[in-house]
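Okay, protein38.cif now, which holds mmCIF, C-alpha atoms and all ligand atoms:
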```
data_final
loop_
_atom_site.label_atom_id
_atom_site.label_comp_id
_atom_site.auth_asym_id
_atom_site.auth_seq_id
_atom_site.Cartn_x
_atom_site.Cartn_y
_atom_site.Cartn_z
CA MET A 1 -28.05 4.01 45.17
CA ALA A 2 -31.49 2.67 44.19
CA TRP A 3 -33.70 4.36 41.63
CA CYS A 4 -36.19 1.46 41.47
CA TRP A 5 -37.53 2.32 38.02
CA THR A 6 -38.70 -1.26 37.37
CA PRO A 7 -39.98 -3.17 40.37
CA SER A 8 -39.61 -6.45 38.41
CA HIS A 9 -35.78 -6.28 38.26
CA PRO A 10 -34.78 -9.83 39.35
CA ALA A 11 -32.42 -9.93 42.32
CA ASP A 12 -29.88 -12.38 40.84
CA LEU A 13 -29.46 -10.46 37.58
CA VAL A 14 -27.67 -7.19 36.94
CA ARG A 15 -29.02 -4.37 34.86
CA ALA A 16 -27.06 -3.28 31.82
CA ILE A 17 -27.66 -1.12 28.77
CA GLU A 18 -26.98 -2.95 25.52
CA LEU A 19 -26.34 -1.64 22.05
CA GLN A 20 -27.74 -4.50 20.00
CA ASN A 21 -27.43 -3.04 16.50
CA VAL A 22 -25.68 -0.20 14.71
CA GLY A 23 -27.82 2.89 15.21
CA GLY A 24 -29.41 1.67 18.44
CA PRO A 25 -31.58 2.23 20.35
CA LEU A 26 -29.87 1.42 23.63
CA MET A 27 -31.83 -1.34 25.37
CA VAL A 28 -32.25 -1.93 29.10
CA VAL A 29 -31.55 -5.62 29.81
CA ASP A 30 -31.13 -7.78 32.92
CA ARG A 31 -28.35 -10.30 32.55
CA PRO A 32 -26.35 -12.72 34.70
CA PRO A 33 -23.65 -10.92 36.70
CA PRO A 34 -20.12 -11.03 35.23
CA THR A 35 -17.79 -13.50 36.99
CA ALA A 36 -14.13 -12.75 37.60
CA ILE A 37 -11.45 -15.32 36.77
CA GLU A 38 -8.02 -15.17 38.43
CA GLY A 39 -6.42 -11.71 38.37
CA ALA A 40 -9.67 -10.13 37.24
CA THR A 41 -12.35 -8.44 39.30
CA VAL A 42 -15.92 -7.25 39.03
CA ILE A 43 -16.75 -3.79 40.30
CA ASP A 44 -20.09 -2.33 41.33
CA VAL A 45 -20.48 0.66 39.03
CA THR A 46 -21.11 3.95 40.82
CA ALA A 47 -21.28 6.20 37.77
CA CYS A 48 -20.49 6.24 34.05
CA GLY A 49 -20.00 9.34 31.95
CA VAL A 50 -21.51 9.63 28.48
CA CYS A 51 -18.68 10.60 26.12
CA HIS A 52 -19.10 11.91 22.58
CA SER A 53 -17.29 8.79 21.34
CA ASP A 54 -20.28 6.76 22.61
CA ILE A 55 -22.37 8.39 19.87
CA HIS A 56 -19.77 7.31 17.30
CA VAL A 57 -19.94 3.75 18.69
CA VAL A 58 -23.74 3.72 18.26
CA ASP A 59 -23.33 5.04 14.72
CA GLY A 60 -20.97 2.17 13.88
CA GLN A 61 -17.91 4.34 13.19
CA PHE A 62 -15.53 2.10 15.14
CA GLY A 63 -16.88 -1.25 13.94
CA SER A 64 -17.74 -2.31 17.49
CA PRO A 65 -19.18 -5.81 18.09
CA HIS A 66 -22.80 -6.38 19.20
CA PRO A 67 -24.37 -6.69 21.64
CA LEU A 68 -22.13 -4.26 23.50
CA VAL A 69 -22.38 -2.44 26.81
CA LEU A 70 -21.04 1.07 26.16
CA GLY A 71 -19.33 3.34 28.67
CA HIS A 72 -15.66 4.13 29.28
CA GLU A 73 -15.82 6.89 31.92
CA VAL A 74 -16.44 4.63 34.88
CA THR A 75 -16.15 4.87 38.64
CA GLY A 76 -17.14 2.08 41.00
CA ILE A 77 -16.45 0.07 44.10
CA ASP A 78 -13.91 -2.76 44.13
CA LYS A 79 -14.04 -5.25 47.01
CA LYS A 80 -10.32 -4.82 47.77
CA LEU A 81 -9.56 -1.25 46.69
CA GLY A 82 -12.80 0.54 47.60
CA PRO A 83 -13.82 3.52 45.42
CA VAL A 84 -11.95 3.42 42.10
CA MET A 85 -11.78 4.93 38.64
CA VAL A 86 -11.45 2.55 35.69
CA TYR A 87 -8.70 2.86 33.10
CA ALA A 88 -10.67 1.79 30.01
CA PRO A 89 -8.26 1.64 27.02
CA TRP A 90 -7.17 -1.94 27.57
CA GLY A 91 -4.24 -3.19 25.49
CA CYS A 92 -2.88 -6.68 24.71
CA ARG A 93 -0.39 -6.43 27.63
CA ASN A 94 2.29 -8.18 25.52
CA CYS A 95 3.57 -5.64 23.00
CA TRP A 96 6.26 -3.03 23.72
CA LEU A 97 3.69 -0.24 23.82
CA CYS A 98 1.76 -2.03 26.55
CA GLU A 99 4.97 -2.90 28.38
CA THR A 100 5.85 0.82 28.49
CA GLY A 101 2.38 1.73 29.70
CA HIS A 102 0.94 2.99 26.41
CA GLU A 103 -1.99 0.58 26.32
CA MET A 104 -4.25 3.25 24.80
CA ILE A 105 -2.36 2.98 21.50
CA CYS A 106 -1.83 -0.79 21.50
CA PRO A 107 -2.56 -2.08 17.97
CA ASP A 108 -4.35 -5.09 19.50
CA GLY A 109 -6.18 -3.12 22.17
CA ALA A 110 -9.83 -3.64 23.08
CA GLU A 111 -11.11 -0.56 24.88
CA ALA A 112 -13.87 -1.16 27.39
CA GLY A 113 -17.12 0.34 26.20
CA LEU A 114 -15.93 0.40 22.58
CA PHE A 115 -14.90 -3.21 21.85
CA VAL A 116 -15.71 -5.09 25.07
CA ASP A 117 -18.41 -4.44 27.66
CA GLY A 118 -18.01 -1.18 29.56
CA GLY A 119 -19.71 0.72 32.34
CA TYR A 120 -23.34 1.39 31.31
CA ALA A 121 -24.28 -1.31 33.83
CA GLU A 122 -24.66 -2.06 37.51
CA GLN A 123 -21.52 -4.22 37.43
CA MET A 124 -18.46 -4.26 35.19
CA TYR A 125 -15.84 -6.94 34.53
CA ILE A 126 -12.24 -5.68 34.87
CA PRO A 127 -9.61 -8.11 33.47
CA HIS A 128 -6.75 -6.77 35.67
CA ARG A 129 -6.91 -4.87 38.95
CA GLU A 130 -4.06 -2.67 37.64
CA TYR A 131 -6.73 -0.91 35.58
CA LEU A 132 -8.31 0.42 38.78
CA GLN A 133 -7.02 3.67 40.27
CA PRO A 134 -8.11 4.51 43.83
CA LEU A 135 -10.40 7.55 43.80
CA GLY A 136 -9.44 8.85 47.22
CA ASP A 137 -11.67 11.73 48.26
CA LEU A 138 -12.94 12.61 44.80
CA ASP A 139 -16.70 12.54 44.34
CA PRO A 140 -17.38 9.27 42.46
CA ILE A 141 -20.16 10.77 40.33
CA GLU A 142 -18.65 14.19 39.60
CA SER A 143 -15.25 12.69 38.78
CA ALA A 144 -16.41 10.11 36.19
CA PRO A 145 -15.71 12.38 33.16
CA LEU A 146 -12.05 12.58 34.18
CA ALA A 147 -11.55 8.97 33.00
CA CYS A 148 -11.67 9.94 29.31
CA GLY A 149 -12.33 13.66 28.76
CA GLY A 150 -10.10 14.76 31.62
CA LEU A 151 -7.34 12.25 30.91
CA THR A 152 -7.23 13.06 27.17
CA ALA A 153 -6.79 16.78 27.83
CA PHE A 154 -4.29 16.07 30.65
CA ASN A 155 -2.07 13.93 28.40
CA ALA A 156 -2.20 16.53 25.59
CA THR A 157 -1.27 19.33 28.00
CA LEU A 158 1.64 17.35 29.47
CA LYS A 159 3.09 17.12 25.94
CA THR A 160 3.37 20.94 25.76
CA LEU A 161 4.99 21.60 29.14
CA GLU A 162 8.63 21.09 28.15
CA THR A 163 8.23 23.62 25.33
CA LEU A 164 6.32 26.11 27.49
CA ASN A 165 8.58 25.84 30.53
CA ARG A 166 11.63 26.48 28.34
CA ARG A 167 10.47 30.09 27.98
CA ALA A 168 9.05 30.46 31.46
CA ASN A 169 6.60 33.36 31.72
CA ALA A 170 7.35 34.56 28.18
CA ALA A 171 5.64 31.48 26.71
CA ARG A 172 2.37 31.67 24.79
CA ALA A 173 -0.03 28.76 24.46
CA LEU A 174 -3.00 28.48 22.12
CA VAL A 175 -6.02 26.25 22.74
CA ILE A 176 -8.13 25.64 19.64
CA GLY A 177 -11.72 24.68 20.55
CA ALA A 178 -13.25 25.50 23.94
CA GLY A 179 -15.68 22.58 24.21
CA GLY A 180 -15.49 20.02 27.02
CA LEU A 181 -11.90 18.89 26.38
CA GLY A 182 -10.69 22.39 25.58
CA GLN A 183 -12.10 23.63 28.89
CA PHE A 184 -10.08 20.98 30.72
CA GLY A 185 -7.01 21.97 28.65
CA ILE A 186 -7.31 25.65 29.61
CA GLN A 187 -7.40 24.71 33.31
CA PHE A 188 -4.43 22.33 33.04
CA LEU A 189 -2.35 24.95 31.20
CA ARG A 190 -3.24 27.57 33.79
CA LEU A 191 -2.39 25.27 36.69
CA MET A 192 0.76 23.66 35.24
CA SER A 193 2.46 26.49 33.31
CA ASP A 194 3.08 30.23 33.47
CA ALA A 195 2.19 30.65 29.81
CA GLU A 196 -0.13 33.31 28.44
CA ILE A 197 -3.15 31.27 27.30
CA TRP A 198 -5.07 32.22 24.18
CA VAL A 199 -8.24 30.38 23.24
CA VAL A 200 -9.94 30.39 19.87
CA ASP A 201 -13.52 29.25 19.21
CA GLN A 202 -16.50 30.32 17.07
CA SER A 203 -18.98 30.32 19.97
CA PRO A 204 -19.31 33.49 22.12
CA GLU A 205 -20.60 31.38 25.05
CA LYS A 206 -17.55 29.13 24.93
CA LEU A 207 -15.23 32.15 24.74
CA ASP A 208 -16.85 33.58 27.87
CA ARG A 209 -16.41 30.22 29.58
CA ALA A 210 -12.74 30.13 28.51
CA LEU A 211 -12.12 33.52 30.15
CA ALA A 212 -13.89 32.38 33.32
CA LEU A 213 -11.58 29.35 33.44
CA GLY A 214 -8.46 31.51 33.28
CA ALA A 215 -7.69 32.11 29.61
CA THR A 216 -5.67 35.30 29.06
CA ARG A 217 -7.53 36.06 25.81
CA ALA A 218 -10.42 34.26 24.12
CA VAL A 219 -11.18 35.22 20.52
CA THR A 220 -12.92 34.16 17.33
CA PRO A 221 -10.58 32.84 14.58
CA GLU A 222 -10.33 36.15 12.67
CA ARG A 223 -9.08 37.93 15.81
CA LEU A 224 -6.19 35.59 16.52
CA GLU A 225 -2.83 37.41 16.78
CA GLY A 226 0.84 36.51 16.84
CA THR A 227 2.57 33.17 17.24
CA TYR A 228 2.62 30.56 19.99
CA ASP A 229 5.13 28.19 21.55
CA ALA A 230 2.55 25.45 21.98
CA VAL A 231 -0.78 24.84 20.27
CA ILE A 232 -3.32 22.20 21.31
CA ASP A 233 -5.94 21.55 18.65
CA PHE A 234 -9.02 20.05 20.28
CA VAL A 235 -10.92 20.21 16.97
CA GLY A 236 -8.60 18.54 14.45
CA ALA A 237 -10.19 19.91 11.25
CA THR A 238 -7.96 20.84 8.31
CA THR A 239 -8.63 24.56 8.93
CA THR A 240 -7.73 24.34 12.63
CA LEU A 241 -4.60 22.28 11.95
CA GLU A 242 -3.56 24.80 9.27
CA SER A 243 -4.02 27.57 11.78
CA ALA A 244 -1.96 25.63 14.34
CA VAL A 245 0.96 25.13 11.94
CA GLU A 246 0.75 28.75 10.74
CA ARG A 247 0.81 30.11 14.30
CA VAL A 248 3.38 27.87 15.97
CA ASN A 249 6.86 29.27 16.68
CA ARG A 250 10.07 27.67 15.48
CA ARG A 251 10.94 24.86 17.93
CA GLY A 252 7.32 24.99 19.08
CA THR A 253 4.91 22.11 19.68
CA VAL A 254 1.57 21.32 18.07
CA VAL A 255 -0.59 18.64 19.68
CA ALA A 256 -3.56 17.36 17.68
CA VAL A 257 -6.33 15.85 19.80
CA GLY A 258 -9.66 16.48 18.03
CA LEU A 259 -11.11 13.68 15.93
CA TYR A 260 -12.42 15.87 13.12
CA GLY A 261 -10.17 14.06 10.65
CA GLY A 262 -8.29 16.99 9.07
CA ALA A 263 -4.68 16.95 7.80
CA VAL A 264 -1.84 19.34 6.93
CA PRO A 265 1.27 18.98 4.73
CA PHE A 266 4.49 18.23 6.61
CA GLY A 267 8.10 18.72 5.51
CA VAL A 268 11.17 20.92 5.95
CA GLY A 269 10.03 24.36 4.83
CA ALA A 270 6.35 23.32 4.84
CA VAL A 271 6.15 23.85 8.60
CA PRO A 272 8.21 26.22 10.84
CA PHE A 273 11.76 24.97 11.48
CA GLU A 274 12.21 22.35 14.17
CA VAL A 275 8.59 22.20 15.30
CA GLN A 276 7.21 19.08 16.88
CA LEU A 277 3.86 17.96 15.47
CA MET A 278 2.22 15.15 17.40
CA SER A 279 -1.09 13.48 17.88
CA SER A 280 -2.32 12.64 21.35
CA VAL A 281 -4.73 9.86 22.22
CA TRP A 282 -6.35 9.28 25.64
CA GLY A 283 -3.58 8.71 28.29
CA THR A 284 -1.68 6.06 30.25
CA VAL A 285 -2.84 4.33 33.41
CA LEU A 286 -0.02 6.14 35.24
CA GLU A 287 -1.32 9.49 34.00
CA LEU A 288 -4.82 8.57 35.19
CA GLY A 289 -3.37 8.11 38.69
CA GLN A 290 -1.53 11.45 38.36
CA LEU A 291 -4.72 13.16 37.21
CA ILE A 292 -6.68 11.84 40.20
CA GLU A 293 -3.92 13.12 42.49
CA PHE A 294 -3.87 16.46 40.64
CA ALA A 295 -7.66 16.83 40.95
CA HIS A 296 -7.40 16.39 44.73
CA HIS A 297 -5.18 19.48 44.94
CA HIS A 298 -6.71 21.51 42.11
CA PRO A 299 -10.50 21.13 41.92
CA LEU A 300 -11.40 21.25 38.22
CA GLN A 301 -14.39 23.19 36.99
CA TYR A 302 -16.94 21.47 34.77
CA THR A 303 -20.65 20.82 34.91
CA VAL A 304 -22.09 17.37 35.42
CA GLU A 305 -25.71 16.45 34.73
CA THR A 306 -26.76 13.10 36.23
CA MET A 307 -29.35 10.80 34.70
CA PRO A 308 -30.52 7.32 35.76
CA LEU A 309 -28.74 4.44 33.99
CA ALA A 310 -32.04 3.22 32.51
CA GLU A 311 -32.35 6.55 30.65
CA ALA A 312 -29.14 6.00 28.66
CA GLU A 313 -31.02 6.27 25.37
CA GLN A 314 -32.54 9.61 26.42
CA ALA A 315 -29.08 10.74 27.54
CA HIS A 316 -27.74 10.01 24.05
CA GLN A 317 -30.63 11.94 22.50
CA ARG A 318 -29.82 14.93 24.72
CA LEU A 319 -26.16 14.80 23.71
CA ARG A 320 -26.99 14.46 20.01
CA SER A 321 -29.37 17.40 20.06
CA GLY A 322 -26.92 19.61 21.98
CA GLN A 323 -29.32 19.91 24.94
CA ALA A 324 -26.90 18.61 27.58
CA SER A 325 -25.91 21.39 29.96
CA GLY A 326 -22.57 19.76 30.78
CA ARG A 327 -21.18 16.26 30.81
CA ILE A 328 -23.90 13.65 31.33
CA VAL A 329 -23.16 10.97 33.93
CA LEU A 330 -25.35 7.87 34.21
CA VAL A 331 -26.01 6.57 37.72
CA PRO A 332 -27.29 3.00 38.33
ZN ZN A 401 -14.35 9.19 25.65
ZN ZN A 402 -0.29 -4.18 23.40
#
```

Show this structure as structure tokens.
Ligand SMILES: [Zn+2]
Ligand SMILES: [Zn+2]
Amino acid sequence: MAWCWTPSHPADLVRAIELQNVGGPLMVVDRPPPTAIEGATVIDVTACGVCHSDIHVVDGQFGSPHPLVLGHEVTGIDKKLGPVMVYAPWGCRNCWLCETGHEMICPDGAEAGLFVDGGYAEQMYIPHREYLQPLGDLDPIESAPLACGGLTAFNATLKTLETLNRRANAARALVIGAGGLGQFGIQFLRLMSDAEIWVVDQSPEKLDRALALGATRAVTPERLEGTYDAVIDFVGATTTLESAVERVNRRGTVVAVGLYGGAVPFGVGAVPFEVQLMSSVWGTVLELGQLIEFAHHHPLQYTVETMPLAEAEQAHQRLRSGQASGRIVLVP
């Protein structure tokens, strides 16, 4: 796909967007193409989603190195596999977490787009082909946000299913926060459980959206009622976590996903008896494959706004100012 925004783009170089300093701006650069050593590969990037974490990377909150090519919601073309989605949270591949597939929480991990070069580029270096999941018939541009936003909500929802399925159609689930991830969560709960799904958010527009996506009830915090078998907190503030712990049933499950940085006291008597409280981060490479399969059978509803790769800086400005009408996907 050629946008041809700069006629001078040299043929033997590849275009990439570099973050050269904390705070930005994101710079368009032409650099030598990445070369793959044994076991590695280089993909031609088809699309790369702009995730909210990318803003945190620019702002220096993760201590990322510079220069860095951002982007961890990547689809592309691999010479052997064809259209693929990239699993971006790369681990050390030696520790027990990596050996059991949990590379996203490896203590020595280096996530693409956060600590090593990612997908805001025409080409991307992939250290192991195992990080590539065949895309099948999914649209390579529309599906890019599944690689982080979709996968994170998918993994969090999977953690609630045992609790919800225990009570079959008597189960009640609560989704806190109906932003991008919450909207994925509502759909996964609807498609994978028989639970009654309540959604809580401050924004009337998001509550309307939650109902359209299949929520049973969507309310502002003061209108929340009753208790729930499973609660997924996509905000993660102290107030939302307090509400989660207050509203969860005995033997229920609370999954904290949002990065707001809140906390709640934990102890016997401080939380309902025999609850499970857990945090959930991104997902495994196996789950990414399962999500792609799932999305083939259950088309997920979300809005994608495409922008040319060279306008990455403008894309970040749109996201920061809340002007984006859905998830922004950059297209080289
Ligand atoms: Zn992300
Ligand atoms: Zn590891």

task = Identify, on the basis of all atoms listed in the file, every residue whose closest approach to Ala244 in chain A does not exceed 8 Å; exclude the query and any residue fewer than 5 positions from it along the same chain; express the result as JSON, numbers by chain.
result = {"A": [231, 232, 233, 254]}

request  = Go ahead and compute the interatomic distance for CA of Cys148 in chain A and CA of Leu181 in chain A, in Å to one decimal.
outcome  =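 It comes out at 9.4 Å.
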
Neighbour list for Val257 in chain A as a list in words, cut-off 7 Å, only C-alpha atoms, skip fewer than 3 positions in-chain =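 Returned residues: Asp233, Phe234, Val235, Gly236, Ser279, Ser280 and Val281 of chain A.
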
query = Got a sec: who's within 12 Å of Pro221 in chain A, counting all atoms listed in the file, leaving out chain neighbours fewer than 6 positions off, as a list in words?
reply =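 Those residues are Leu174, Val175, Ile176, Gly177, Trp198, Val199, Val200, Asp201, Gln202, Ser203, Pro204, Leu207, Thr239, Thr240, Glu242, Ser243, Ala244 and Arg247 of chain A.
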
task = Please give me, as a list in words, the residues lying within 8 Å of ligand ZN 402 (chain A) when counting all atoms listed in the file.
result =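 Written in the requested form, the residues are Gly91, Cys92, Arg93, Asn94, Cys95, Trp96, Leu97, Cys98, Glu99, His102, Glu103, Ile105, Cys106, Pro107, Asp108 and Gly109 of chain A.
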
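Interatomic distance, CA of Val245 in chain A against CA of Leu191 in chain A: 25.0 Å.
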
message = Under the rule that only C-alpha atoms are counted, which of A:Leu286, A:Val14, A:Asp137, A:Gly23 is the nearest residue to Glu313 in chain A?
response = A:Gly23

query = With only C-alpha atoms as the atoms that count, which of A:Asp78, A:Asp54, A:Asp208, A:Asp59 lies nearest to Glu111 in chain A?
reply =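 Closest residue, counting only C-alpha atoms: A:Asp54.
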
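Nearest to ligand ZN 401 (chain A) of all the residues A:Gly185, A:Pro140, A:Gly289, A:Gly258 is A:Gly258, based on only C-alpha atoms and all ligand atoms.
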
ask   = What would the list of residues within 8 Å of (-9.7, 13.3, 44.2) (file frame) look like as a list in words, if only C-alpha atoms are what count?
value =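 All residues meeting the 8 Å criterion around (-9.7, 13.3, 44.2) are Leu135, Gly136, Asp137, Leu138, Asp139, Ser143, Ile292, Glu293, Phe294, Ala295, His296 and His297 of chain A.
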
key: Neighbour list for Val50 in chain A as a list of chain:residue names, cut-off 8 Å, all atoms listed in the file, skip fewer than 6 positions in-chain   =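 Final neighbour list, sorted by chain and number: A:Gly71, A:Glu73, A:Pro145, A:Ala315, A:His316, A:Arg327, A:Ile328, A:Val329, A:Leu330.
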
Could you write those residues out with C-alpha atoms, as a PDB file, in the coordinates of the input?
```
ATOM      1  CA  GLY A  71     -19.330   3.340  28.670  1.00  0.00           C
ATOM      2  CA  GLU A  73     -15.820   6.890  31.920  1.00  0.00           C
ATOM      3  CA  PRO A 145     -15.710  12.380  33.160  1.00  0.00           C
ATOM      4  CA  ALA A 315     -29.080  10.740  27.540  1.00  0.00           C
ATOM      5  CA  HIS A 316     -27.740  10.010  24.050  1.00  0.00           C
ATOM      6  CA  ARG A 327     -21.180  16.260  30.810  1.00  0.00           C
ATOM      7  CA  ILE A 328     -23.900  13.650  31.330  1.00  0.00           C
ATOM      8  CA  VAL A 329     -23.160  10.970  33.930  1.00  0.00           C
ATOM      9  CA  LEU A 330     -25.350   7.870  34.210  1.00  0.00           C
TER      10      LEU A 330
END
```

key: Leu309 in chain A surroundings by all atoms listed in the file, 7 Å radius, close-in-sequence under 5 positions cut, as a list in words   =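 Near neighbours after the sequence-gap exclusion: Tyr120, Leu330, Val331 and Pro332 of chain A.
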
request  = Using all atoms listed in the file, find each residue with an atom at most 10 Å away from ligand ZN 401 (chain A) and format the answer as a ChimeraX atom specification.
outcome  = /A:49-55,71-73,88-89,113-114,145-152,282

Saved selection, atoms kept: C-alpha atoms, as a PDB file, in the frame of the given file:
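Now in selection_28.pdb:
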```
ATOM      1  CA  GLY A  49     -20.000   9.340  31.950  1.00  0.00           C
ATOM      2  CA  VAL A  50     -21.510   9.630  28.480  1.00  0.00           C
ATOM      3  CA  CYS A  51     -18.680  10.600  26.120  1.00  0.00           C
ATOM      4  CA  HIS A  52     -19.100  11.910  22.580  1.00  0.00           C
ATOM      5  CA  SER A  53     -17.290   8.790  21.340  1.00  0.00           C
ATOM      6  CA  ASP A  54     -20.280   6.760  22.610  1.00  0.00           C
ATOM      7  CA  ILE A  55     -22.370   8.390  19.870  1.00  0.00           C
ATOM      8  CA  GLY A  71     -19.330   3.340  28.670  1.00  0.00           C
ATOM      9  CA  HIS A  72     -15.660   4.130  29.280  1.00  0.00           C
ATOM     10  CA  GLU A  73     -15.820   6.890  31.920  1.00  0.00           C
ATOM     11  CA  ALA A  88     -10.670   1.790  30.010  1.00  0.00           C
ATOM     12  CA  PRO A  89      -8.260   1.640  27.020  1.00  0.00           C
ATOM     13  CA  GLY A 113     -17.120   0.340  26.200  1.00  0.00           C
ATOM     14  CA  LEU A 114     -15.930   0.400  22.580  1.00  0.00           C
ATOM     15  CA  PRO A 145     -15.710  12.380  33.160  1.00  0.00           C
ATOM     16  CA  LEU A 146     -12.050  12.580  34.180  1.00  0.00           C
ATOM     17  CA  ALA A 147     -11.550   8.970  33.000  1.00  0.00           C
ATOM     18  CA  CYS A 148     -11.670   9.940  29.310  1.00  0.00           C
ATOM     19  CA  GLY A 149     -12.330  13.660  28.760  1.00  0.00           C
ATOM     20  CA  GLY A 150     -10.100  14.760  31.620  1.00  0.00           C
ATOM     21  CA  LEU A 151      -7.340  12.250  30.910  1.00  0.00           C
ATOM     22  CA  THR A 152      -7.230  13.060  27.170  1.00  0.00           C
ATOM     23  CA  TRP A 282      -6.350   9.280  25.640  1.00  0.00           C
TER      24      TRP A 282
END
```

message = List as JSON, numbers by chain the residues having at least one atom at most 12 Å from position (-22.3, 26.5, 32.9) as given in the file, counting only C-alpha atoms.
response = {"A": [179, 180, 183, 205, 206, 208, 209, 210, 212, 213, 301, 302, 303, 304, 305, 324, 325, 326, 327]}

Using the selection just defined, write its residues with C-alpha atoms as a compact mmCIF listing (two decimals), keeping the file's coordinate frame.
```txt
# COMPACT_ATOMS: atom_id res chain seq x y z
CA GLY A 179 -15.68 22.58 24.21
CA GLY A 180 -15.49 20.02 27.02
CA GLN A 183 -12.10 23.63 28.89
CA GLU A 205 -20.60 31.38 25.05
CA LYS A 206 -17.55 29.13 24.93
CA ASP A 208 -16.85 33.58 27.87
CA ARG A 209 -16.41 30.22 29.58
CA ALA A 210 -12.74 30.13 28.51
CA ALA A 212 -13.89 32.38 33.32
CA LEU A 213 -11.58 29.35 33.44
CA GLN A 301 -14.39 23.19 36.99
CA TYR A 302 -16.94 21.47 34.77
CA THR A 303 -20.65 20.82 34.91
CA VAL A 304 -22.09 17.37 35.42
CA GLU A 305 -25.71 16.45 34.73
CA ALA A 324 -26.90 18.61 27.58
CA SER A 325 -25.91 21.39 29.96
CA GLY A 326 -22.57 19.76 30.78
CA ARG A 327 -21.18 16.26 30.81
```

key: Nearest-residue call for Ala144 in chain A, choices A:Thr100, A:Ser193, A:Asn249, A:Thr46, using all atoms listed in the file   = A:Thr46

Write range 87-104 of chain A as a PDB file, in the frame of the given file, completed to N, CA and C atoms.
```
ATOM      1  N   TYR A  87      -9.471   2.553  34.306  1.00  0.00           N
ATOM      2  CA  TYR A  87      -8.700   2.860  33.100  1.00  0.00           C
ATOM      3  C   TYR A  87      -9.260   1.968  31.994  1.00  0.00           C
ATOM      4  N   ALA A  88      -9.884   2.572  30.983  1.00  0.00           N
ATOM      5  CA  ALA A  88     -10.670   1.790  30.010  1.00  0.00           C
ATOM      6  C   ALA A  88      -9.946   1.372  28.729  1.00  0.00           C
ATOM      7  N   PRO A  89      -8.883   2.063  28.279  1.00  0.00           N
ATOM      8  CA  PRO A  89      -8.260   1.640  27.020  1.00  0.00           C
ATOM      9  C   PRO A  89      -7.320   0.445  27.217  1.00  0.00           C
ATOM     10  N   TRP A  90      -7.921  -0.732  27.273  1.00  0.00           N
ATOM     11  CA  TRP A  90      -7.170  -1.940  27.570  1.00  0.00           C
ATOM     12  C   TRP A  90      -6.395  -2.433  26.358  1.00  0.00           C
ATOM     13  N   GLY A  91      -5.088  -2.691  26.562  1.00  0.00           N
ATOM     14  CA  GLY A  91      -4.240  -3.190  25.490  1.00  0.00           C
ATOM     15  C   GLY A  91      -4.050  -4.695  25.586  1.00  0.00           C
ATOM     16  N   CYS A  92      -3.121  -5.228  24.744  1.00  0.00           N
ATOM     17  CA  CYS A  92      -2.880  -6.680  24.710  1.00  0.00           C
ATOM     18  C   CYS A  92      -2.023  -7.127  25.891  1.00  0.00           C
ATOM     19  N   ARG A  93      -1.294  -6.190  26.500  1.00  0.00           N
ATOM     20  CA  ARG A  93      -0.390  -6.430  27.630  1.00  0.00           C
ATOM     21  C   ARG A  93       0.842  -7.251  27.262  1.00  0.00           C
ATOM     22  N   ASN A  94       1.104  -7.434  25.958  1.00  0.00           N
ATOM     23  CA  ASN A  94       2.290  -8.180  25.520  1.00  0.00           C
ATOM     24  C   ASN A  94       3.230  -7.367  24.660  1.00  0.00           C
ATOM     25  N   CYS A  95       2.715  -6.368  23.941  1.00  0.00           N
ATOM     26  CA  CYS A  95       3.570  -5.640  23.000  1.00  0.00           C
ATOM     27  C   CYS A  95       4.409  -4.587  23.745  1.00  0.00           C
ATOM     28  N   TRP A  96       5.374  -3.987  23.044  1.00  0.00           N
ATOM     29  CA  TRP A  96       6.260  -3.030  23.720  1.00  0.00           C
ATOM     30  C   TRP A  96       5.515  -1.771  24.145  1.00  0.00           C
ATOM     31  N   LEU A  97       4.459  -1.410  23.421  1.00  0.00           N
ATOM     32  CA  LEU A  97       3.690  -0.240  23.820  1.00  0.00           C
ATOM     33  C   LEU A  97       2.993  -0.493  25.155  1.00  0.00           C
ATOM     34  N   CYS A  98       2.404  -1.685  25.288  1.00  0.00           N
ATOM     35  CA  CYS A  98       1.760  -2.030  26.550  1.00  0.00           C
ATOM     36  C   CYS A  98       2.782  -2.132  27.668  1.00  0.00           C
ATOM     37  N   GLU A  99       3.944  -2.730  27.338  1.00  0.00           N
ATOM     38  CA  GLU A  99       4.970  -2.900  28.380  1.00  0.00           C
ATOM     39  C   GLU A  99       5.495  -1.554  28.884  1.00  0.00           C
ATOM     40  N   THR A 100       5.417  -0.509  28.039  1.00  0.00           N
ATOM     41  CA  THR A 100       5.850   0.820  28.490  1.00  0.00           C
ATOM     42  C   THR A 100       4.667   1.670  28.931  1.00  0.00           C
ATOM     43  N   GLY A 101       3.524   1.026  29.128  1.00  0.00           N
ATOM     44  CA  GLY A 101       2.380   1.730  29.700  1.00  0.00           C
ATOM     45  C   GLY A 101       1.458   2.409  28.708  1.00  0.00           C
ATOM     46  N   HIS A 102       1.755   2.276  27.401  1.00  0.00           N
ATOM     47  CA  HIS A 102       0.940   2.990  26.410  1.00  0.00           C
ATOM     48  C   HIS A 102      -0.163   2.093  25.840  1.00  0.00           C
ATOM     49  N   GLU A 103      -0.956   1.528  26.759  1.00  0.00           N
ATOM     50  CA  GLU A 103      -1.990   0.580  26.320  1.00  0.00           C
ATOM     51  C   GLU A 103      -3.028   1.242  25.423  1.00  0.00           C
ATOM     52  N   MET A 104      -3.193   2.572  25.576  1.00  0.00           N
ATOM     53  CA  MET A 104      -4.250   3.250  24.800  1.00  0.00           C
ATOM     54  C   MET A 104      -3.941   3.301  23.312  1.00  0.00           C
TER      55      MET A 104
END
```
